[in-house]
>>> print(open('final18.cif').read())   # mmCIF, C-alpha atoms and all ligand atoms
data_entry
loop_
_atom_site.label_atom_id
_atom_site.label_comp_id
_atom_site.auth_asym_id
_atom_site.auth_seq_id
_atom_site.Cartn_x
_atom_site.Cartn_y
_atom_site.Cartn_z
CA MET A 155 -24.51 -38.99 -15.96
CA ALA A 156 -23.05 -40.53 -12.84
CA GLU A 157 -19.52 -41.79 -13.07
CA SER A 158 -18.78 -45.02 -11.36
CA GLY A 159 -15.89 -45.44 -8.99
CA SER A 160 -14.56 -41.95 -8.34
CA SER A 161 -17.73 -40.01 -7.62
CA VAL A 162 -18.75 -39.13 -4.10
CA GLU A 163 -22.42 -39.22 -3.23
CA PHE A 164 -23.98 -37.48 -0.27
CA SER A 165 -26.90 -39.29 1.23
CA GLY A 166 -29.06 -38.67 4.27
CA SER A 167 -26.84 -40.53 6.66
CA LEU A 168 -23.14 -39.76 6.66
CA THR A 169 -21.37 -43.03 7.20
CA SER A 170 -17.70 -43.70 6.56
CA SER A 171 -18.60 -45.13 3.14
CA THR A 172 -20.34 -41.91 2.06
CA LEU A 173 -17.91 -39.34 3.46
CA PRO A 174 -15.69 -37.51 0.99
CA PRO A 175 -12.06 -38.60 0.82
CA PRO A 176 -9.85 -37.16 3.57
CA ARG A 177 -8.67 -33.66 2.89
CA THR A 178 -5.62 -31.91 4.14
CA ARG A 179 -6.63 -29.41 6.75
CA ILE A 180 -4.75 -26.15 6.72
CA PHE A 181 -3.94 -24.22 9.84
CA LYS A 182 -3.12 -20.61 9.18
CA ILE A 183 -0.85 -19.23 11.87
CA ILE A 184 0.29 -15.63 11.76
CA VAL A 185 3.59 -14.64 13.30
CA ILE A 186 3.79 -11.04 14.44
CA GLY A 187 6.10 -8.80 16.42
CA ASP A 188 8.63 -5.98 16.01
CA SER A 189 11.10 -5.88 13.17
CA GLY A 190 14.25 -7.91 13.84
CA VAL A 191 12.87 -10.18 16.57
CA GLY A 192 13.41 -13.21 14.33
CA LYS A 193 10.01 -14.02 12.80
CA THR A 194 11.53 -14.98 9.48
CA CYS A 195 14.19 -17.11 11.16
CA LEU A 196 11.68 -18.92 13.36
CA THR A 197 9.32 -19.73 10.51
CA TYR A 198 12.24 -20.74 8.30
CA ARG A 199 13.64 -22.94 11.03
CA PHE A 200 10.32 -24.76 11.39
CA CYS A 201 9.60 -25.12 7.66
CA ALA A 202 13.10 -25.63 6.27
CA GLY A 203 14.77 -27.12 9.35
CA LYS A 204 17.64 -24.64 9.42
CA PHE A 205 18.67 -21.12 10.31
CA PRO A 206 18.77 -18.83 7.28
CA GLU A 207 22.25 -17.55 6.50
CA LYS A 208 20.97 -14.09 5.89
CA THR A 209 17.59 -12.41 6.06
CA GLU A 210 16.22 -9.12 4.88
CA ALA A 211 13.35 -7.15 6.33
CA THR A 212 10.10 -8.79 5.30
CA ILE A 213 8.00 -6.69 2.97
CA GLY A 214 4.29 -7.30 3.41
CA VAL A 215 4.11 -10.96 4.27
CA ASP A 216 5.88 -14.21 3.38
CA PHE A 217 4.33 -17.65 3.52
CA ARG A 218 6.01 -20.81 4.61
CA GLU A 219 4.30 -24.16 4.76
CA ARG A 220 5.03 -27.54 6.17
CA LEU A 221 3.02 -30.71 5.98
CA VAL A 222 2.97 -32.61 9.24
CA GLU A 223 1.20 -35.70 10.42
CA ILE A 224 -0.63 -35.63 13.74
CA ASP A 225 -2.37 -38.77 14.99
CA GLY A 226 -2.42 -40.16 11.47
CA GLU A 227 -3.89 -37.00 9.93
CA LYS A 228 -1.94 -34.91 7.44
CA ILE A 229 -2.11 -31.24 8.32
CA LYS A 230 -0.62 -28.32 6.48
CA ILE A 231 0.81 -25.72 8.81
CA GLN A 232 0.85 -22.43 6.98
CA LEU A 233 2.99 -19.80 8.67
CA TRP A 234 2.45 -16.20 7.68
CA ASP A 235 5.65 -14.32 8.41
CA THR A 236 4.55 -10.70 8.63
CA ALA A 237 6.62 -7.55 8.29
CA GLY A 238 7.57 -5.92 11.58
CA GLN A 239 8.34 -2.56 10.00
CA GLU A 240 5.31 -0.35 9.80
CA ARG A 241 6.14 0.96 6.33
CA PHE A 242 6.21 -2.59 4.95
CA ARG A 243 2.98 -3.69 6.56
CA LYS A 244 0.27 -1.24 5.61
CA SER A 245 -0.85 -2.71 2.31
CA MET A 246 -1.03 -6.29 3.56
CA VAL A 247 -2.46 -6.04 7.04
CA GLN A 248 -6.07 -6.63 6.02
CA HIS A 249 -5.12 -9.79 4.17
CA TYR A 250 -3.18 -11.61 6.77
CA TYR A 251 -5.68 -11.14 9.56
CA ARG A 252 -8.34 -12.98 7.58
CA ASN A 253 -9.30 -16.52 8.62
CA VAL A 254 -6.51 -16.90 11.13
CA HIS A 255 -6.43 -20.04 13.28
CA ALA A 256 -3.69 -19.02 15.70
CA VAL A 257 -1.37 -16.12 16.44
CA VAL A 258 2.27 -16.29 17.51
CA PHE A 259 3.55 -13.08 19.11
CA VAL A 260 7.32 -12.84 19.02
CA TYR A 261 9.66 -10.63 21.02
CA ASP A 262 13.43 -10.64 21.25
CA VAL A 263 14.72 -11.54 24.74
CA THR A 264 17.72 -9.25 24.12
CA ASN A 265 15.56 -6.28 23.20
CA ALA A 266 13.26 -4.87 25.88
CA ALA A 267 11.60 -2.51 23.42
CA SER A 268 10.32 -5.46 21.41
CA PHE A 269 8.72 -6.79 24.60
CA ARG A 270 7.18 -3.42 25.40
CA SER A 271 5.61 -3.39 21.95
CA LEU A 272 3.57 -6.51 22.63
CA PRO A 273 0.45 -4.69 23.90
CA ALA A 274 0.33 -2.77 20.63
CA TRP A 275 0.48 -6.02 18.63
CA ILE A 276 -2.26 -7.52 20.78
CA GLU A 277 -4.32 -4.39 20.22
CA GLU A 278 -3.84 -4.63 16.48
CA CYS A 279 -5.20 -8.17 16.57
CA LYS A 280 -8.22 -6.92 18.48
CA GLN A 281 -8.82 -4.21 15.94
CA HIS A 282 -8.90 -6.84 13.23
CA ALA A 283 -11.55 -8.80 15.09
CA LEU A 284 -9.17 -11.47 16.32
CA GLY A 285 -10.52 -12.23 19.74
CA THR A 286 -9.27 -14.44 22.51
CA GLU A 287 -11.13 -17.37 20.94
CA VAL A 288 -8.16 -17.64 18.58
CA PRO A 289 -5.28 -19.45 20.31
CA ARG A 290 -2.32 -17.19 20.92
CA ILE A 291 1.16 -17.90 22.14
CA LEU A 292 4.08 -15.75 23.11
CA VAL A 293 7.60 -16.58 21.97
CA GLY A 294 10.76 -14.97 23.32
CA ASN A 295 13.41 -15.54 20.65
CA LYS A 296 17.24 -15.37 20.65
CA CYS A 297 17.74 -17.07 24.01
CA ASP A 298 21.10 -18.31 22.68
CA LEU A 299 22.39 -14.77 23.41
CA GLN A 300 22.57 -15.37 27.15
CA ASP A 301 24.90 -12.47 27.89
CA SER A 302 22.53 -9.92 26.40
CA ILE A 303 19.22 -10.88 27.96
CA GLN A 304 17.02 -7.87 28.72
CA VAL A 305 13.69 -9.61 29.27
CA GLY A 306 13.64 -12.13 32.09
CA THR A 307 11.55 -15.27 32.05
CA ASP A 308 9.53 -14.17 35.09
CA VAL A 309 8.50 -10.88 33.48
CA ALA A 310 7.50 -12.66 30.30
CA GLN A 311 5.56 -15.24 32.28
CA GLN A 312 3.64 -12.53 34.14
CA PHE A 313 2.74 -10.83 30.90
CA ALA A 314 1.67 -14.10 29.33
CA ASP A 315 -0.46 -14.97 32.37
CA ALA A 316 -2.14 -11.58 32.23
CA HIS A 317 -3.06 -12.26 28.62
CA SER A 318 -3.98 -15.92 29.11
CA MET A 319 -1.41 -17.31 26.77
CA PRO A 320 1.48 -19.70 27.13
CA VAL A 321 5.02 -18.38 26.75
CA PHE A 322 8.03 -20.12 25.27
CA GLU A 323 11.64 -19.01 25.14
CA THR A 324 13.71 -20.32 22.31
CA SER A 325 16.30 -19.58 19.67
CA ALA A 326 15.81 -19.90 15.96
CA LYS A 327 19.59 -20.02 15.69
CA ASN A 328 20.14 -22.77 18.19
CA PRO A 329 16.75 -24.28 18.95
CA SER A 330 18.09 -26.83 21.38
CA SER A 331 19.45 -24.19 23.76
CA HIS A 332 17.57 -23.66 27.00
CA GLY A 333 16.55 -20.31 28.44
CA ASP A 334 19.29 -20.71 31.03
CA GLY A 335 21.98 -21.14 28.39
CA SER A 336 22.32 -24.88 28.81
CA TYR A 337 21.58 -27.32 26.04
CA GLY A 338 18.85 -29.89 25.96
CA SER A 339 19.54 -33.56 25.96
CA GLY A 340 18.60 -35.49 22.83
CA ASN A 341 19.16 -32.40 20.68
CA SER A 342 15.55 -31.41 21.11
CA ASP A 343 14.32 -28.66 18.84
CA HIS A 344 12.15 -26.19 20.70
CA VAL A 345 11.09 -24.25 17.63
CA GLU A 346 9.72 -27.50 16.27
CA ALA A 347 8.00 -28.24 19.58
CA ILE A 348 6.42 -24.80 19.77
CA PHE A 349 4.75 -24.89 16.36
CA MET A 350 3.77 -28.52 16.77
CA THR A 351 2.15 -27.66 20.09
CA VAL A 352 0.04 -25.04 18.35
CA ALA A 353 -0.90 -27.54 15.64
CA HIS A 354 -1.88 -30.16 18.22
CA LYS A 355 -3.94 -27.57 20.01
CA LEU A 356 -5.75 -26.60 16.81
CA LYS A 357 -6.32 -30.19 15.83
CA SER A 358 -7.75 -31.10 19.20
CA GLN A 359 -10.17 -28.18 19.00
CA LYS A 360 -11.56 -29.52 15.73
CA PRO A 361 -12.25 -26.16 14.10
CA LEU A 362 -14.78 -26.12 11.29
CA VAL A 363 -12.57 -25.57 8.33
CA LEU A 364 -13.12 -25.68 4.63
CA SER A 365 -9.86 -27.04 3.41
CA GLN A 366 -8.26 -27.81 0.13
CA PRO A 367 -7.95 -31.29 -1.36
CA SER A 368 -4.57 -32.92 -0.86
CA GLY A 369 -1.99 -31.31 -3.13
CA GLY A 370 -4.28 -28.39 -4.04
CA SER A 371 -3.57 -24.73 -3.55
CA GLY A 372 -6.85 -23.26 -2.40
CA GLY A 373 -7.46 -21.14 0.62
CA THR A 374 -8.99 -21.90 3.95
CA ILE A 375 -12.17 -20.56 5.40
CA SER A 376 -12.73 -20.84 9.08
CA LEU A 377 -16.44 -21.09 9.77
CA SER A 378 -16.30 -21.29 13.51
CA SER A 379 -13.36 -21.71 15.73
CA GLY A 380 -14.78 -22.38 19.18
CA MET A 381 -11.19 -22.62 20.31
CA ASN A 382 -11.29 -20.49 23.42
CA ASP A 383 -10.05 -22.36 26.37
CA GLY A 384 -9.88 -19.43 28.73
CA GLY A 385 -6.98 -18.60 30.97
CA ASP A 386 -6.44 -21.98 32.53
CA GLY A 387 -6.70 -23.88 29.29
CA ALA A 388 -4.16 -21.68 27.62
CA ARG A 389 -1.66 -22.40 30.33
CA SER A 390 -2.25 -26.10 30.20
CA TRP A 391 -0.79 -26.47 26.77
CA GLY A 392 2.30 -24.31 27.12
CA CYS A 393 5.57 -24.18 28.93
CA SER A 394 7.25 -21.16 30.34
CA SER A 395 10.75 -22.00 29.35
CA CYS A 396 12.15 -24.47 26.88
N1 LIG B 1 21.53 -14.89 17.79
C1 LIG B 1 20.35 -15.00 17.18
N2 LIG B 1 20.03 -14.20 16.15
C2 LIG B 1 18.82 -14.35 15.55
C3 LIG B 1 17.89 -15.32 15.98
N3 LIG B 1 16.79 -15.21 15.21
C4 LIG B 1 17.03 -14.24 14.34
N4 LIG B 1 18.25 -13.71 14.53
C5 LIG B 1 18.86 -12.61 13.79
O1 LIG B 1 18.03 -11.46 13.96
C6 LIG B 1 17.98 -10.68 12.76
C7 LIG B 1 16.55 -10.46 12.34
O2 LIG B 1 15.93 -11.71 12.04
P1 LIG B 1 14.64 -11.81 11.13
O3 LIG B 1 14.15 -13.21 11.21
O4 LIG B 1 14.88 -11.27 9.77
O5 LIG B 1 13.64 -10.82 11.89
P2 LIG B 1 12.13 -10.45 11.53
O6 LIG B 1 11.39 -10.41 12.81
O7 LIG B 1 11.60 -11.38 10.50
O8 LIG B 1 12.25 -8.96 10.94
P3 LIG B 1 11.25 -8.19 9.93
O9 LIG B 1 11.14 -8.98 8.68
O10 LIG B 1 11.90 -6.84 9.70
O11 LIG B 1 9.94 -8.03 10.64
C8 LIG B 1 18.80 -11.46 11.72
O12 LIG B 1 20.10 -10.91 11.68
C9 LIG B 1 18.88 -12.87 12.29
O13 LIG B 1 20.05 -13.55 11.89
C10 LIG B 1 18.26 -16.17 17.09
O14 LIG B 1 17.54 -17.05 17.55
N5 LIG B 1 19.50 -15.96 17.64
#
>>> encode(input="final18.cif", output="structure tokens")
Amino acid sequence: MAESGSSVEFSGSLTSSTLPPPRTRIFKIIVIGDSGVGKTCLTYRFCAGKFPEKTEATIGVDFRERLVEIDGEKIKIQLWDTAGQERFRKSMVQHYYRNVHAVVFVYDVTNAASFRSLPAWIEECKQHALGTEVPRILVGNKCDLQDSIQVGTDVAQQFADAHSMPVFETSAKNPSSHGDGSYGSGNSDHVEAIFMTVAHKLKSQKPLVLSQPSGGSGGTISLSSGMNDGGDGARSWGCSSC
């Protein structure tokens, strides 16, 4: 028997009066890179708004979520903070590469080895069928440690260009510091800006997503991303230095 009031009917023509109530879209963003580059700190900074006092090596994967509003739409940004240490990754790898909307590659600007590892992380994505149609960004973290920089902005920019992704330099510890050691006016938070840029990008691409009702806890299934914007497009939504 049909209930009155709360039921949703689907008819031949989908007008605003027959569409289901708005649902919260979920964007699953995985954050990968070597151990110690600051993946946990970056995701914590974005979701909790602060730098964690102490962190331990991530085992498997940790989730952090934040509900944001973009152009009047509520969107849940789900950050998957993955383990950088090989021995803590094995069992979970298959799971976190499923239904990914975007990838954030992180290196530590004070650790050249973490930058040299990036091709291996990109290759791992490829092996898990994550193609270039999935938006990817590169983040150089710890740019508050100006005296210890080992990876220059120009080198990072070249690498990012070669892989058609935007690059950002930031600090989870002091997200308003610039790559050149100065501090932004207006106390701007670059970690915030980076993840919001990804969310805007995903929203504008209108991926086909099965999402959970507001307040629910279900998963997300990406049916088709169609998010590839090629080399030029990738550059158009990034900045080389924050
Ligand atoms: N100075 C400085 N230190 C940072 C920054 N981000 C992280 N750290 C420090 O770097 C260390 C590692 O940070 P994590 O966030 O745990 O690194 P991770 O990439 O998650 O490491 P795994 O979980 O092992 O993969 C910690 O001691 C942090 O306090 C930053 O922006 N600036």
>>> atom_distance(input="final18.cif", atom1="atom C6 of ligand LIG 1 (chain B)", atom2="atom CA of Thr209 of chain A")
6.9 Å
>>> closest_residue(input="final18.cif", among="A:Gln281, A:Ser325, A:Gln239, A:Ser245", to="Gln300 of chain A", atoms="all atoms listed in the file")
A:Ser325
>>> residues_around(input="final18.cif", residues="Ala283 of chain A", least_positions_apart="5", cutoff="12 Å", atoms="all atoms listed in the file", output="list of chain:residue names")
A:Gln248, A:Tyr251, A:Arg252, A:Asn253, A:Val254, A:Ile276, A:Glu277, A:Glu278, A:Val288
>>> closest_residue(input="final18.cif", among="A:Val260, A:Thr286, A:Val305, A:Asn328", to="Pro206 of chain A", atoms="only C-alpha atoms")
A:Asn328
>>> closest_residue(input="final18.cif", among="A:His255, A:Arg290, A:Arg241, A:Arg270", to="Ile183 of chain A", atoms="all atoms listed in the file")
A:His255
>>> atom_distance(input="final18.cif", atom1="atom CA of Asp308 of chain A", atom2="atom CA of Ile348 of chain A")
18.9 Å
>>> residues_near_ligand(input="final18.cif", ligand="ligand LIG 1 (chain B)", cutoff="7 Å", atoms="only C-alpha atoms and all ligand atoms", output="PyMOL selection string")
chain A and resi 187-196+208-213+235-239+295-299+324-328
>>> closest_residue(input="final18.cif", among="A:Val263, A:Ile229, A:Val352, A:Ile180", to="Asp301 of chain A", atoms="all atoms listed in the file")
A:Val263
>>> atom_distance(input="final18.cif", atom1="atom CA of Lys355 of chain A", atom2="atom CA of Ile291 of chain A")
11.1 Å
>>> residues_around(input="final18.cif", residues="Gly306 of chain A", least_positions_apart="5", cutoff="12 Å", atoms="all atoms listed in the file", output="mmCIF file with C-alpha atoms, in the coordinates of the input")
data_model
loop_
_atom_site.group_PDB
_atom_site.id
_atom_site.type_symbol
_atom_site.label_atom_id
_atom_site.label_comp_id
_atom_site.auth_asym_id
_atom_site.auth_seq_id
_atom_site.Cartn_x
_atom_site.Cartn_y
_atom_site.Cartn_z
ATOM 1 C CA TYR A 261 9.660 -10.630 21.020
ATOM 2 C CA ASP A 262 13.430 -10.640 21.250
ATOM 3 C CA VAL A 263 14.720 -11.540 24.740
ATOM 4 C CA THR A 264 17.720 -9.250 24.120
ATOM 5 C CA ASN A 265 15.560 -6.280 23.200
ATOM 6 C CA ALA A 266 13.260 -4.870 25.880
ATOM 7 C CA PHE A 269 8.720 -6.790 24.600
ATOM 8 C CA GLY A 294 10.760 -14.970 23.320
ATOM 9 C CA ASN A 295 13.410 -15.540 20.650
ATOM 10 C CA CYS A 297 17.740 -17.070 24.010
ATOM 11 C CA GLN A 300 22.570 -15.370 27.150
ATOM 12 C CA GLN A 311 5.560 -15.240 32.280
ATOM 13 C CA GLN A 312 3.640 -12.530 34.140
ATOM 14 C CA PHE A 313 2.740 -10.830 30.900
ATOM 15 C CA VAL A 321 5.020 -18.380 26.750
ATOM 16 C CA PHE A 322 8.030 -20.120 25.270
ATOM 17 C CA GLU A 323 11.640 -19.010 25.140
ATOM 18 C CA GLY A 333 16.550 -20.310 28.440
ATOM 19 C CA ASP A 334 19.290 -20.710 31.030
ATOM 20 C CA SER A 394 7.250 -21.160 30.340
ATOM 21 C CA SER A 395 10.750 -22.000 29.350
#
>>> closest_residue(input="final18.cif", among="A:Asp225, A:Leu233, A:Pro329, A:Arg218", to="His354 of chain A", atoms="only C-alpha atoms")
A:Asp225
